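Q: data.txt is reproduced in full below (compact mmCIF, C-alpha atoms (C1' of nucleotides)).
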# COMPACT_ATOMS: atom_id res chain seq x y z
CA MET Q 13 12.39 -17.85 -13.62
CA ARG Q 14 10.17 -15.15 -12.18
CA SER Q 15 6.87 -16.34 -10.82
CA SER Q 16 4.60 -17.38 -13.63
CA GLN Q 17 2.05 -14.85 -12.44
CA THR Q 18 4.41 -11.98 -13.16
CA ARG Q 19 5.06 -13.42 -16.59
CA THR Q 20 1.33 -13.71 -17.14
CA ALA Q 21 0.77 -10.08 -16.28
CA VAL Q 22 3.56 -8.85 -18.54
CA LEU Q 23 2.69 -11.09 -21.46
CA GLY Q 24 -0.94 -10.16 -20.99
CA ALA Q 25 -0.19 -6.46 -21.16
CA LEU Q 26 1.73 -6.98 -24.36
CA SER Q 27 -1.15 -9.01 -25.78
CA ILE Q 28 -3.23 -5.84 -25.84
CA GLU Q 29 -0.68 -4.05 -27.99
CA PRO Q 30 3.10 -3.75 -28.30
CA MET Q 31 4.54 -1.51 -25.59
CA THR Q 32 7.77 -0.30 -24.09
CA GLY Q 33 8.69 -1.57 -20.65
CA TYR Q 34 7.71 1.75 -19.24
CA ALA Q 35 4.28 1.50 -20.81
CA VAL Q 36 3.88 -2.01 -19.39
CA ARG Q 37 4.56 -0.60 -15.98
CA GLU Q 38 2.00 2.16 -16.50
CA ALA Q 39 -0.55 -0.34 -17.79
CA ILE Q 40 -0.10 -2.55 -14.76
CA ARG Q 41 -0.28 0.40 -12.37
CA GLY Q 42 -3.22 1.92 -14.16
CA THR Q 43 -5.59 -0.47 -15.83
CA LEU Q 44 -4.66 -3.67 -14.01
CA GLY Q 45 -4.11 -1.72 -10.82
CA HIS Q 46 -7.52 -2.55 -9.41
CA PHE Q 47 -6.66 -6.20 -9.00
CA TRP Q 48 -2.98 -6.64 -9.75
CA SER Q 49 0.38 -5.09 -9.07
CA GLU Q 50 3.96 -5.61 -10.07
CA SER Q 51 6.78 -3.65 -8.62
CA PHE Q 52 9.00 -1.58 -10.81
CA GLY Q 53 12.03 -3.79 -10.43
CA GLN Q 54 10.19 -6.88 -11.64
CA ILE Q 55 9.12 -5.71 -15.05
CA TYR Q 56 12.42 -5.11 -16.83
CA PRO Q 57 14.06 -8.33 -15.67
CA THR Q 58 10.93 -10.21 -16.66
CA LEU Q 59 10.93 -8.60 -20.08
CA ALA Q 60 14.59 -9.52 -20.52
CA GLU Q 61 13.77 -13.11 -19.60
CA LEU Q 62 10.83 -13.24 -21.94
CA GLU Q 63 12.99 -11.91 -24.75
CA ARG Q 64 15.66 -14.51 -24.03
CA ASP Q 65 12.99 -17.21 -24.18
CA GLY Q 66 11.74 -15.92 -27.50
CA LEU Q 67 8.30 -15.03 -26.16
CA VAL Q 68 8.57 -11.34 -26.95
CA GLU Q 69 10.72 -9.37 -29.37
CA ARG Q 70 11.79 -5.78 -29.70
CA GLN Q 71 10.33 -3.65 -32.41
CA GLY Q 72 12.28 -0.60 -33.55
CA GLY Q 73 15.86 0.30 -32.78
CA ALA Q 74 17.14 -0.96 -29.47
CA ARG Q 75 19.69 1.86 -29.64
CA THR Q 76 17.74 5.00 -28.88
CA GLY Q 77 15.58 4.54 -25.84
CA SER Q 78 12.12 3.55 -26.88
CA SER Q 79 11.87 0.05 -28.23
CA ALA Q 80 8.48 -1.53 -27.97
CA PHE Q 81 8.10 -5.20 -27.14
CA ALA Q 82 5.65 -7.36 -29.06
CA LEU Q 83 4.43 -10.88 -28.41
CA THR Q 84 5.81 -13.55 -30.71
CA ALA Q 85 3.68 -16.51 -31.77
CA ALA Q 86 5.38 -18.57 -29.05
CA GLY Q 87 4.60 -15.80 -26.57
CA ARG Q 88 0.93 -15.89 -27.50
CA THR Q 89 0.88 -19.66 -26.99
CA GLU Q 90 2.67 -19.36 -23.68
CA LEU Q 91 0.24 -16.71 -22.48
CA ARG Q 92 -2.71 -18.95 -23.28
CA ALA Q 93 -1.04 -21.76 -21.35
CA LEU Q 94 -0.34 -19.53 -18.36
CA LEU Q 95 -3.89 -18.21 -18.30
CA ALA Q 96 -5.21 -21.76 -18.35
CA GLU Q 97 -3.24 -22.66 -15.22
CA PRO Q 98 -5.34 -22.60 -12.07
CA PRO Q 99 -4.98 -19.29 -10.24
CA GLN Q 100 -2.93 -19.65 -7.09
CA PRO Q 101 -4.92 -17.81 -4.45
CA GLY Q 102 -2.65 -15.55 -2.46
CA ALA Q 103 -2.57 -15.93 1.29
CA PRO Q 104 -5.02 -13.47 2.84
CA ARG Q 105 -3.48 -10.52 4.68
CA ASN Q 106 -5.94 -7.91 5.76
CA GLY Q 107 -4.31 -5.39 8.07
CA VAL Q 108 -7.60 -3.80 9.08
CA LEU Q 109 -9.15 -7.08 10.18
CA LEU Q 110 -5.96 -8.09 11.96
CA ARG Q 111 -6.21 -4.94 14.05
CA LEU Q 112 -9.92 -5.27 14.55
CA PHE Q 113 -9.61 -8.84 15.77
CA PHE Q 114 -7.49 -7.60 18.63
CA GLY Q 115 -9.74 -4.58 18.99
CA ARG Q 116 -10.17 -5.15 22.73
CA MET Q 117 -6.59 -3.89 23.10
CA LEU Q 118 -7.34 -0.76 21.08
CA GLY Q 119 -10.79 0.21 22.30
CA PRO Q 120 -13.96 0.87 20.31
CA ASP Q 121 -13.07 4.42 19.29
CA ALA Q 122 -9.78 3.59 17.66
CA CYS Q 123 -11.47 0.66 15.95
CA ALA Q 124 -14.19 2.90 14.60
CA GLU Q 125 -11.51 5.16 13.19
CA LEU Q 126 -9.98 2.16 11.44
CA VAL Q 127 -13.32 1.18 9.98
CA ARG Q 128 -14.04 4.71 8.80
CA ASP Q 129 -10.71 4.77 7.00
CA ALA Q 130 -11.50 1.48 5.32
CA ARG Q 131 -14.89 2.88 4.33
CA ASP Q 132 -13.28 5.94 2.81
CA ARG Q 133 -10.92 3.81 0.79
CA ALA Q 134 -13.82 1.74 -0.51
CA GLU Q 135 -15.61 4.91 -1.59
CA GLN Q 136 -12.54 6.17 -3.41
CA GLN Q 137 -12.27 2.78 -5.03
CA LEU Q 138 -15.85 3.09 -6.31
CA THR Q 139 -15.07 6.50 -7.76
CA ALA Q 140 -11.97 5.17 -9.47
CA LEU Q 141 -13.91 2.24 -10.90
CA ALA Q 142 -16.63 4.55 -12.19
CA ALA Q 143 -13.89 6.51 -13.95
CA ALA Q 144 -12.50 3.27 -15.39
CA ARG Q 145 -15.95 2.42 -16.71
CA ALA Q 146 -16.20 5.81 -18.36
CA ASP Q 147 -12.70 5.52 -19.89
CA HIS Q 148 -13.71 2.19 -21.15
CA ASP Q 149 -16.48 3.46 -23.42
CA HIS Q 150 -14.18 4.90 -26.03
CA VAL Q 151 -11.84 1.97 -26.16
CA GLU Q 152 -10.83 0.45 -29.45
CA HIS Q 153 -10.41 -3.11 -28.20
CA VAL Q 154 -13.96 -4.27 -28.62
CA GLU Q 155 -13.17 -7.93 -28.05
CA ASP Q 156 -11.61 -7.23 -24.68
CA SER Q 157 -14.45 -5.02 -23.55
CA PRO Q 158 -16.78 -7.58 -21.90
CA TYR Q 159 -13.91 -9.12 -19.93
CA TRP Q 160 -12.67 -5.78 -18.72
CA LEU Q 161 -16.17 -4.91 -17.55
CA LEU Q 162 -16.25 -8.14 -15.57
CA THR Q 163 -13.16 -7.14 -13.61
CA ILE Q 164 -14.57 -3.67 -12.98
CA ALA Q 165 -17.79 -5.20 -11.73
CA ALA Q 166 -15.85 -7.44 -9.36
CA GLY Q 167 -14.18 -4.40 -7.85
CA GLU Q 168 -17.49 -2.63 -7.49
CA HIS Q 169 -19.14 -5.55 -5.74
CA ALA Q 170 -16.22 -5.85 -3.36
CA ALA Q 171 -16.18 -2.13 -2.60
CA ARG Q 172 -19.92 -2.00 -1.98
CA ALA Q 173 -19.60 -4.98 0.34
CA THR Q 174 -16.95 -3.11 2.28
CA LEU Q 175 -19.24 -0.07 2.55
CA ALA Q 176 -22.12 -2.18 3.84
CA TRP Q 177 -19.92 -3.98 6.32
CA ALA Q 178 -18.34 -0.74 7.53
CA ASP Q 179 -21.72 0.83 8.25
CA GLU Q 180 -22.79 -2.24 10.18
CA ALA Q 181 -19.52 -2.30 12.07
CA LEU Q 182 -19.72 1.38 12.98
CA THR Q 183 -23.13 0.79 14.51
CA THR Q 184 -21.80 -2.11 16.57
CA LEU Q 185 -18.78 -0.13 17.69
CA GLY Q 186 -20.93 2.87 18.51
CA ALA Q 187 -22.99 0.72 20.83
CA LEU Q 188 -19.83 -0.54 22.51
CA THR Q 189 -18.60 2.99 23.14
CA ALA Q 190 -21.99 4.09 24.44
CA GLY Q 191 -22.22 1.01 26.64
CA GLU Q 192 -18.84 1.78 28.07
CA ALA Q 193 -19.46 5.46 28.75
CA GLY Q 194 -23.08 4.99 29.74
CA PRO Q 195 -24.41 2.59 32.40
CA ALA Q 196 -21.88 1.19 34.79
CA PRO Q 197 -20.20 -1.92 33.40
CA SER Q 198 -21.83 -4.50 35.59
CA ASP Q 199 -19.87 -7.55 34.60
CA ASP Q 200 -16.51 -8.45 33.11
CA MET K 13 13.53 -7.29 12.64
CA ARG K 14 10.66 -9.20 11.10
CA SER K 15 7.93 -7.08 9.59
CA SER K 16 5.91 -5.42 12.28
CA GLN K 17 2.80 -7.10 10.95
CA THR K 18 4.15 -10.53 11.73
CA ARG K 19 5.05 -9.35 15.19
CA THR K 20 1.56 -7.96 15.57
CA ALA K 21 -0.03 -11.26 14.64
CA VAL K 22 2.17 -13.28 16.99
CA LEU K 23 1.86 -10.89 19.92
CA GLY K 24 -1.85 -10.70 19.26
CA ALA K 25 -2.25 -14.45 19.39
CA LEU K 26 -0.40 -14.53 22.71
CA SER K 27 -2.62 -11.73 24.01
CA ILE K 28 -5.54 -14.14 23.94
CA GLU K 29 -3.74 -16.61 26.15
CA PRO K 30 -0.24 -18.05 26.63
CA MET K 31 0.60 -20.63 23.97
CA THR K 32 3.38 -22.74 22.57
CA GLY K 33 4.80 -21.78 19.20
CA TYR K 34 2.94 -24.66 17.68
CA ALA K 35 -0.33 -23.40 19.11
CA VAL K 36 0.40 -19.92 17.75
CA ARG K 37 0.77 -21.45 14.35
CA GLU K 38 -2.51 -23.31 14.71
CA ALA K 39 -4.26 -20.19 15.95
CA ILE K 40 -3.05 -18.19 12.97
CA ARG K 41 -4.01 -20.92 10.53
CA GLY K 42 -7.34 -21.52 12.19
CA THR K 43 -8.95 -18.52 13.81
CA LEU K 44 -7.03 -15.75 12.07
CA GLY K 45 -6.96 -17.76 8.87
CA HIS K 46 -9.93 -15.94 7.35
CA PHE K 47 -7.99 -12.72 7.02
CA TRP K 48 -4.37 -13.41 7.93
CA SER K 49 -1.60 -15.88 7.37
CA GLU K 50 1.93 -16.46 8.49
CA SER K 51 4.13 -19.14 7.10
CA PHE K 52 5.51 -21.78 9.34
CA GLY K 53 9.11 -20.59 9.16
CA GLN K 54 8.21 -17.12 10.38
CA ILE K 55 6.69 -17.94 13.70
CA TYR K 56 9.56 -19.51 15.62
CA PRO K 57 12.15 -16.92 14.59
CA THR K 58 9.68 -14.19 15.45
CA LEU K 59 9.03 -15.73 18.86
CA ALA K 60 12.78 -15.93 19.47
CA GLU K 61 13.12 -12.27 18.57
CA LEU K 62 10.24 -11.26 20.78
CA GLU K 63 11.78 -13.20 23.67
CA ARG K 64 15.12 -11.50 23.10
CA ASP K 65 13.37 -8.12 23.17
CA GLY K 66 11.64 -8.99 26.41
CA LEU K 67 8.17 -8.82 24.91
CA VAL K 68 7.29 -12.43 25.64
CA GLU K 69 8.61 -14.96 28.13
CA ARG K 70 8.57 -18.70 28.45
CA GLN K 71 6.43 -20.33 31.04
CA GLY K 72 7.29 -23.84 32.16
CA GLY K 73 10.47 -25.78 31.56
CA ALA K 74 12.24 -24.99 28.30
CA ARG K 75 13.79 -28.44 28.54
CA THR K 76 11.05 -30.87 27.68
CA GLY K 77 9.25 -29.76 24.56
CA SER K 78 6.21 -27.76 25.46
CA SER K 79 6.99 -24.33 26.83
CA ALA K 80 4.23 -21.80 26.48
CA PHE K 81 5.01 -18.17 25.73
CA ALA K 82 3.22 -15.38 27.56
CA LEU K 83 3.14 -11.64 26.91
CA THR K 84 5.13 -9.51 29.31
CA ALA K 85 3.96 -6.04 30.32
CA ALA K 86 6.31 -4.59 27.73
CA GLY K 87 4.85 -6.98 25.16
CA ARG K 88 1.36 -5.79 25.93
CA THR K 89 2.45 -2.17 25.48
CA GLU K 90 4.22 -3.00 22.24
CA LEU K 91 1.16 -4.79 20.90
CA ARG K 92 -1.00 -1.77 21.62
CA ALA K 93 1.50 0.42 19.77
CA LEU K 94 1.64 -1.92 16.79
CA LEU K 95 -2.13 -2.11 16.55
CA ALA K 96 -2.34 1.68 16.58
CA GLU K 97 -0.04 1.94 13.56
CA PRO K 98 -1.91 2.51 10.32
CA PRO K 99 -2.49 -0.75 8.46
CA GLN K 100 -0.30 -1.05 5.40
CA PRO K 101 -2.63 -2.21 2.66
CA GLY K 102 -1.04 -5.04 0.73
CA ALA K 103 -0.75 -4.75 -3.02
CA PRO K 104 -3.76 -6.35 -4.67
CA ARG K 105 -3.14 -9.65 -6.46
CA ASN K 106 -6.22 -11.39 -7.67
CA GLY K 107 -5.32 -14.32 -9.91
CA VAL K 108 -8.88 -14.86 -11.07
CA LEU K 109 -9.34 -11.29 -12.23
CA LEU K 110 -5.91 -11.30 -13.87
CA ARG K 111 -7.01 -14.24 -15.98
CA LEU K 112 -10.43 -12.83 -16.65
CA PHE K 113 -9.01 -9.54 -17.83
CA PHE K 114 -7.24 -11.36 -20.61
CA GLY K 115 -10.28 -13.58 -21.10
CA ARG K 116 -10.35 -12.98 -24.83
CA MET K 117 -7.30 -15.23 -25.05
CA LEU K 118 -9.05 -17.96 -23.06
CA GLY K 119 -12.54 -17.85 -24.45
CA PRO K 120 -15.86 -17.51 -22.60
CA ASP K 121 -16.13 -21.14 -21.55
CA ALA K 122 -12.81 -21.34 -19.77
CA CYS K 123 -13.61 -18.01 -18.12
CA ALA K 124 -16.95 -19.32 -16.92
CA GLU K 125 -15.13 -22.28 -15.40
CA LEU K 126 -12.85 -19.87 -13.58
CA VAL K 127 -15.80 -17.90 -12.26
CA ARG K 128 -17.61 -21.03 -11.13
CA ASP K 129 -14.52 -22.09 -9.18
CA ALA K 130 -14.35 -18.69 -7.53
CA ARG K 131 -18.04 -18.99 -6.71
CA ASP K 132 -17.49 -22.40 -5.12
CA ARG K 133 -14.68 -21.07 -2.99
CA ALA K 134 -16.89 -18.22 -1.82
CA GLU K 135 -19.59 -20.67 -0.84
CA GLN K 136 -17.12 -22.80 1.09
CA GLN K 137 -15.91 -19.65 2.76
CA LEU K 138 -19.45 -18.84 3.87
CA THR K 139 -19.81 -22.32 5.33
CA ALA K 140 -16.51 -21.99 7.18
CA LEU K 141 -17.55 -18.59 8.54
CA ALA K 142 -20.88 -19.97 9.71
CA ALA K 143 -18.94 -22.65 11.58
CA ALA K 144 -16.70 -19.98 13.10
CA ARG K 145 -19.78 -18.12 14.26
CA ALA K 146 -21.09 -21.27 15.88
CA ASP K 147 -17.76 -22.03 17.55
CA HIS K 148 -17.76 -18.56 18.78
CA ASP K 149 -20.89 -18.88 20.90
CA HIS K 150 -19.26 -20.98 23.59
CA VAL K 151 -16.15 -18.88 23.86
CA GLU K 152 -14.86 -17.76 27.18
CA HIS K 153 -13.33 -14.48 26.01
CA VAL K 154 -16.39 -12.29 26.28
CA GLU K 155 -14.51 -9.04 25.77
CA ASP K 156 -13.09 -10.19 22.48
CA SER K 157 -16.41 -11.44 21.20
CA PRO K 158 -17.79 -8.32 19.48
CA TYR K 159 -14.50 -7.72 17.67
CA TRP K 160 -14.28 -11.29 16.47
CA LEU K 161 -17.82 -11.07 15.13
CA LEU K 162 -16.82 -7.98 13.19
CA THR K 163 -14.11 -9.86 11.35
CA ILE K 164 -16.47 -12.74 10.63
CA ALA K 165 -19.04 -10.32 9.26
CA ALA K 166 -16.40 -8.78 7.00
CA GLY K 167 -15.66 -12.19 5.53
CA GLU K 168 -19.34 -12.89 5.02
CA HIS K 169 -19.95 -9.61 3.23
CA ALA K 170 -16.99 -10.23 0.97
CA ALA K 171 -18.03 -13.79 0.19
CA ARG K 172 -21.61 -12.79 -0.58
CA ALA K 173 -20.31 -10.05 -2.87
CA THR K 174 -18.27 -12.66 -4.71
CA LEU K 175 -21.37 -14.85 -5.09
CA ALA K 176 -23.43 -11.98 -6.49
CA TRP K 177 -20.68 -10.96 -8.87
CA ALA K 178 -20.10 -14.51 -10.03
CA ASP K 179 -23.76 -15.01 -10.90
CA GLU K 180 -23.78 -11.77 -12.86
CA ALA K 181 -20.55 -12.72 -14.60
CA LEU K 182 -21.82 -16.17 -15.54
CA THR K 183 -24.83 -14.59 -17.22
CA THR K 184 -22.59 -12.26 -19.21
CA LEU K 185 -20.26 -15.06 -20.20
CA GLY K 186 -23.16 -17.28 -21.14
CA ALA K 187 -24.38 -14.62 -23.55
CA LEU K 188 -20.90 -14.41 -25.05
CA THR K 189 -20.78 -18.13 -25.65
CA ALA K 190 -24.26 -18.13 -27.16
CA GLY K 191 -23.37 -15.19 -29.37
CA GLU K 192 -20.29 -16.99 -30.57
CA ALA K 193 -21.96 -20.29 -31.32
CA GLY K 194 -25.01 -18.63 -32.83
CA PRO K 195 -24.77 -16.06 -35.65
CA ALA K 196 -21.61 -16.16 -37.70
CA PRO K 197 -18.80 -14.02 -36.25
CA SER K 198 -18.79 -11.20 -38.78
CA ASP K 199 -15.65 -9.35 -37.80
CA ASP K 200 -12.36 -9.93 -36.01
C1' DC X 28 5.90 -50.83 17.87
C1' DA X 29 4.04 -48.10 14.09
C1' DG X 30 2.03 -44.11 13.04
C1' DC X 31 0.02 -39.72 14.25
C1' DT X 32 0.10 -35.27 16.29
C1' DC X 33 2.65 -32.08 19.00
C1' DA X 34 6.74 -29.52 19.15
C1' DT X 35 10.97 -26.82 17.77
C1' DG X 36 13.93 -25.13 15.01
C1' DT X 37 17.40 -24.07 10.62
C1' DA X 38 18.90 -23.25 5.88
C1' DA X 39 18.33 -22.32 1.26
C1' DA X 40 15.82 -20.53 -2.25
C1' DA X 41 12.41 -17.65 -4.23
C1' DC X 42 10.05 -13.54 -4.29
C1' DG X 43 9.36 -8.67 -4.18
C1' DT X 44 10.32 -3.79 -3.03
C1' DT X 45 13.14 0.15 -2.83
C1' DA X 46 16.70 2.95 -3.87
C1' DC X 47 20.13 4.11 -6.93
C1' DA X 48 22.05 5.40 -11.45
C1' DT X 49 21.65 7.08 -16.02
C1' DG X 50 20.26 9.17 -20.19
C1' DA X 51 16.84 10.70 -24.08
C1' DT X 52 13.00 13.39 -25.37
C1' DT X 53 9.49 16.79 -24.94
C1' DA X 54 7.22 20.94 -23.21
C1' DC X 55 7.54 25.40 -21.39
C1' DG A 18 17.98 25.80 -21.04
C1' DT A 19 15.67 23.48 -17.58
C1' DA A 20 12.19 20.81 -15.73
C1' DA A 21 9.13 17.00 -16.30
C1' DT A 22 8.30 12.84 -18.26
C1' DC A 23 9.72 8.83 -20.76
C1' DA A 24 12.81 5.13 -20.67
C1' DT A 25 16.02 1.37 -19.02
C1' DG A 26 18.22 -1.03 -16.06
C1' DT A 27 20.98 -2.86 -11.48
C1' DA A 28 21.98 -3.78 -6.64
C1' DA A 29 20.89 -4.24 -2.07
C1' DC A 30 17.77 -5.41 1.03
C1' DG A 31 14.06 -7.47 3.40
C1' DT A 32 10.40 -10.77 3.43
C1' DT A 33 8.23 -15.30 2.79
C1' DT A 34 8.01 -19.88 1.56
C1' DT A 35 9.66 -24.48 1.38
C1' DA A 36 12.22 -28.15 2.53
C1' DC A 37 14.93 -30.31 5.75
C1' DA A 38 16.03 -32.23 10.32
C1' DT A 39 14.82 -33.85 14.80
C1' DG A 40 12.58 -35.74 18.67
C1' DA A 41 8.83 -36.38 22.43
C1' DG A 42 4.42 -38.26 23.65
C1' DC A 43 0.26 -40.56 22.87
C1' DT A 44 -2.97 -44.07 20.42
C1' DG A 45 -4.21 -48.22 18.49
Give the structure from the file, written as C-alpha cells.
A:
Amino acid sequence: MRSSQTRTAVLGALSIEPMTGYAVREAIRGTLGHFWSESFGQIYPTLAELERDGLVERQGGARTGSSAFALTAAGRTELRALLAEPPQPGAPRNGVLLRLFFGRMLGPDACAELVRDARDRAEQQLTALAAARADHDHVEHVEDSPYWLLTIAAGEHAARATLAWADEALTTLGALTAGEAGPAPSDD
Amino acid sequence: MRSSQTRTAVLGALSIEPMTGYAVREAIRGTLGHFWSESFGQIYPTLAELERDGLVERQGGARTGSSAFALTAAGRTELRALLAEPPQPGAPRNGVLLRLFFGRMLGPDACAELVRDARDRAEQQLTALAAARADHDHVEHVEDSPYWLLTIAAGEHAARATLAWADEALTTLGALTAGEAGPAPSDD
DNA sequence: CAGCTCATGTAAAACGTTACATGATTAC
DNA sequence: GTAATCATGTAACGTTTTACATGAGCTG
C-alpha cells in the first residue's frame, strides 16, 4: 500500500468533487501545492489501489479517456479515519540552512547571495498566496472556505517569517564582509 | 553515488572536526537536527564512498572500533563545491496543513486539537533553540559562530510564526465551533 | 556480570521521482 | 491538419528508512 499520506491527499482531493486522475494531479500541484506535493507517478497507481479497495469508483465510461473518480461511502469513511491519524512530521531538510551552517567554508558574500535567493522565493510565495486568497473569494465550496483560509494564512506567516529572518541575516552577513575587508583581522 | 546533499552534510560535519561515523550521526541528529536529517543507514555507506573517493581518510587504527574520519584536501575542495551548488528545495509536505485543508471532514474541534499540537511542538522547538543558543556560547569554533547563530535564528523565526498562526487559527476555529453549537445550521 | 552507550556495518523493503509510451480531444 | 492540452498508465531508477546483526568498552 502506498503511504497513507498519499492516499489521504488523493481521497481528500476527490472529497471536494469527482475528478479525473489528471485533475487530481492538477489540484495537488495547484491548490494543495503550497503545503503538499505528490509526484506524477504516484497518483494513478494510488487511484487504481483505491478503486480496488472500493474507496473510489469511476463515473462515466472507462472506455474513452475521461472517467472521473468519485468517493464511495467507504472512501468517505476511510478519509475521515486517515485525517484523524496523527500527522507524521517529515524529517526537516532545509538546503539553505545546511549551506549556511557551513558558511565559513563559503564566505559571507556567497552566503548573502543564498539568503537573498531565499528572500526572493518567500516574496514570490506571498504573491502566490495573495492570488490564492483572491481566487478563493468566488469559490462555491462555502463549507471548505474557512479551512482553506487557515492553510493560506499558515503559508503567509511562514513566508513573512522568512522575510524578517532574511533581512536580519543580511545585516549580520554585511557586517562580516565589512569586518573582513575593513580593519585588519586581529585575531583568529 | 548518494545524493550530493547527503555527502554535503557528512563532509560538512567532518569539516568541523574529525569524527567517527557514530559521532557524525550524533552531530547530524543533534546540532544539524533543527534543519537537517540523515537516516542511520545512509551515513556509513556515504563515509565508505567518500573514503573510496579520497575525500576523507581514517585516522587511528581501523582495527579496534573507533577510527575517526578526517577531511582530506580534496574533501575540503569538494565540500566547497557542493556548498556552492544551488540548494534543491525539497517538495513541501506539511501533514498538519493537509489535514486542516480537509478540515470540513474532521470538524472544528479535531482541527483545533491538531493546531494545538502544532503549537506545542513550536514551543518545544523554541525551548530547544534557546538551549542551542546557550550551548553555543562556550564553543571553541569562533569562525563558525555567526553562521550557526543564523541557522538558530531561522528556526526561531519559523517557530514564532507557527505560534502566531496557531493562535489566530484557534480563534477562527473557536468561532466555527460556537457557530455550529449555537444557531441552528440552516443550510448544508 | 548485566546493561548501557559507543561503534560499524548490511540487507530488504518502502518510498518517490523521472522518463518513457500512448492516445483522445480541443483550439487555432 | 497540427499543435497544445487532457488523459492514462508503466518501468526504471535512485533515495531513504527500518530492521537486523555484531561486538567492544565502560559502569554499577
Q: Give me the residues of chain A that have any atom at most 8 Å from an atom of chain Q; for each, the nearest atom pair and the distance in Å, rounded to one decimal. Use all atoms listed in the file, sort by chain and number, and format it as a tab-separated table.
A:
residue	atom	partner	partner_atom	distance
A:DC23	C1'	Q:Tyr34	CA	7.5
A:DA24	C1'	Q:Gly77	CA	5.9
A:DT25	C1'	Q:Gly77	CA	7.5
A:DG26	C1'	Q:Tyr56	CA	7.1
Q: With C-alpha atoms (C1' of nucleotides) retained, write the just-selected residues as a tab-separated table (two decimals), in the frame of the given file.
A:
chain	number	residue	atom	x	y	z
A	23	DC	C1'	9.72	8.83	-20.76
A	24	DA	C1'	12.81	5.13	-20.67
A	25	DT	C1'	16.02	1.37	-19.02
A	26	DG	C1'	18.22	-1.03	-16.06
Q: Write out as a ChimeraX atom specification the residues lying within 6 Å of range 95-100 of chain Q, counting only C-alpha atoms (C1' of nucleotides) and excluding same-chain residues fewer than 4 positions away.
A: /K:107-108,111
Q: Any idea which chain Q residues end up within 7 Å of chain K if we count only C-alpha atoms, as a VMD selection string please?
A: chain Q and resid 24 47 to 49 92 95 99 to 101 103 to 118 155 to 156 159 to 160 162 to 163 166 169 to 170 173 177 181
Q: Point out the residue among K:Leu62, K:Ala80, K:Leu26, K:Val68 with the least atom-to-atom distance to chain X, counting only C-alpha atoms (C1' of nucleotides).
A: K:Ala80
Q: With chain K as the partner and 12 Å as the cut-off, tabulate the residues of chain X that qualify, each row holding the nearest pair of atoms and their distance in Å to one decimal, using all atoms listed in the file, sorted by chain and rising number, as a tab-separated table.
A:
residue	atom	partner	partner_atom	distance
X:DT32	C1'	K:Tyr34	CA	11.1
X:DC33	C1'	K:Tyr34	CA	7.5
X:DA34	C1'	K:Gly77	CA	6.0
X:DT35	C1'	K:Gly77	CA	7.6
X:DG36	C1'	K:Tyr56	CA	7.1
X:DT37	C1'	K:Gly53	CA	9.1
X:DA38	C1'	K:Gly53	CA	10.7
X:DG43	C1'	K:Ala103	CA	10.9
X:DT44	C1'	K:Ala103	CA	11.1
Q: Just the number, please: distance in Å from C1' of DA36 in chain A to CA of Phe52 in chain K, one decimal.
A: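 Taking C1' of DA36 in chain A and CA of Phe52 in chain K, their separation equals 11.5 Å.
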Q: For each of Q:Ala124, Q:Ile40, Q:Thr58, Q:Arg19, take the minimum atom-to-atom distance to Thr189 in chain Q, counting all atoms listed in the file, then give the residue where this is smallest.
A: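 Comparing Q:Ala124, Q:Ile40, Q:Thr58, Q:Arg19 against Thr189 in chain Q, the winner is Q:Ala124.
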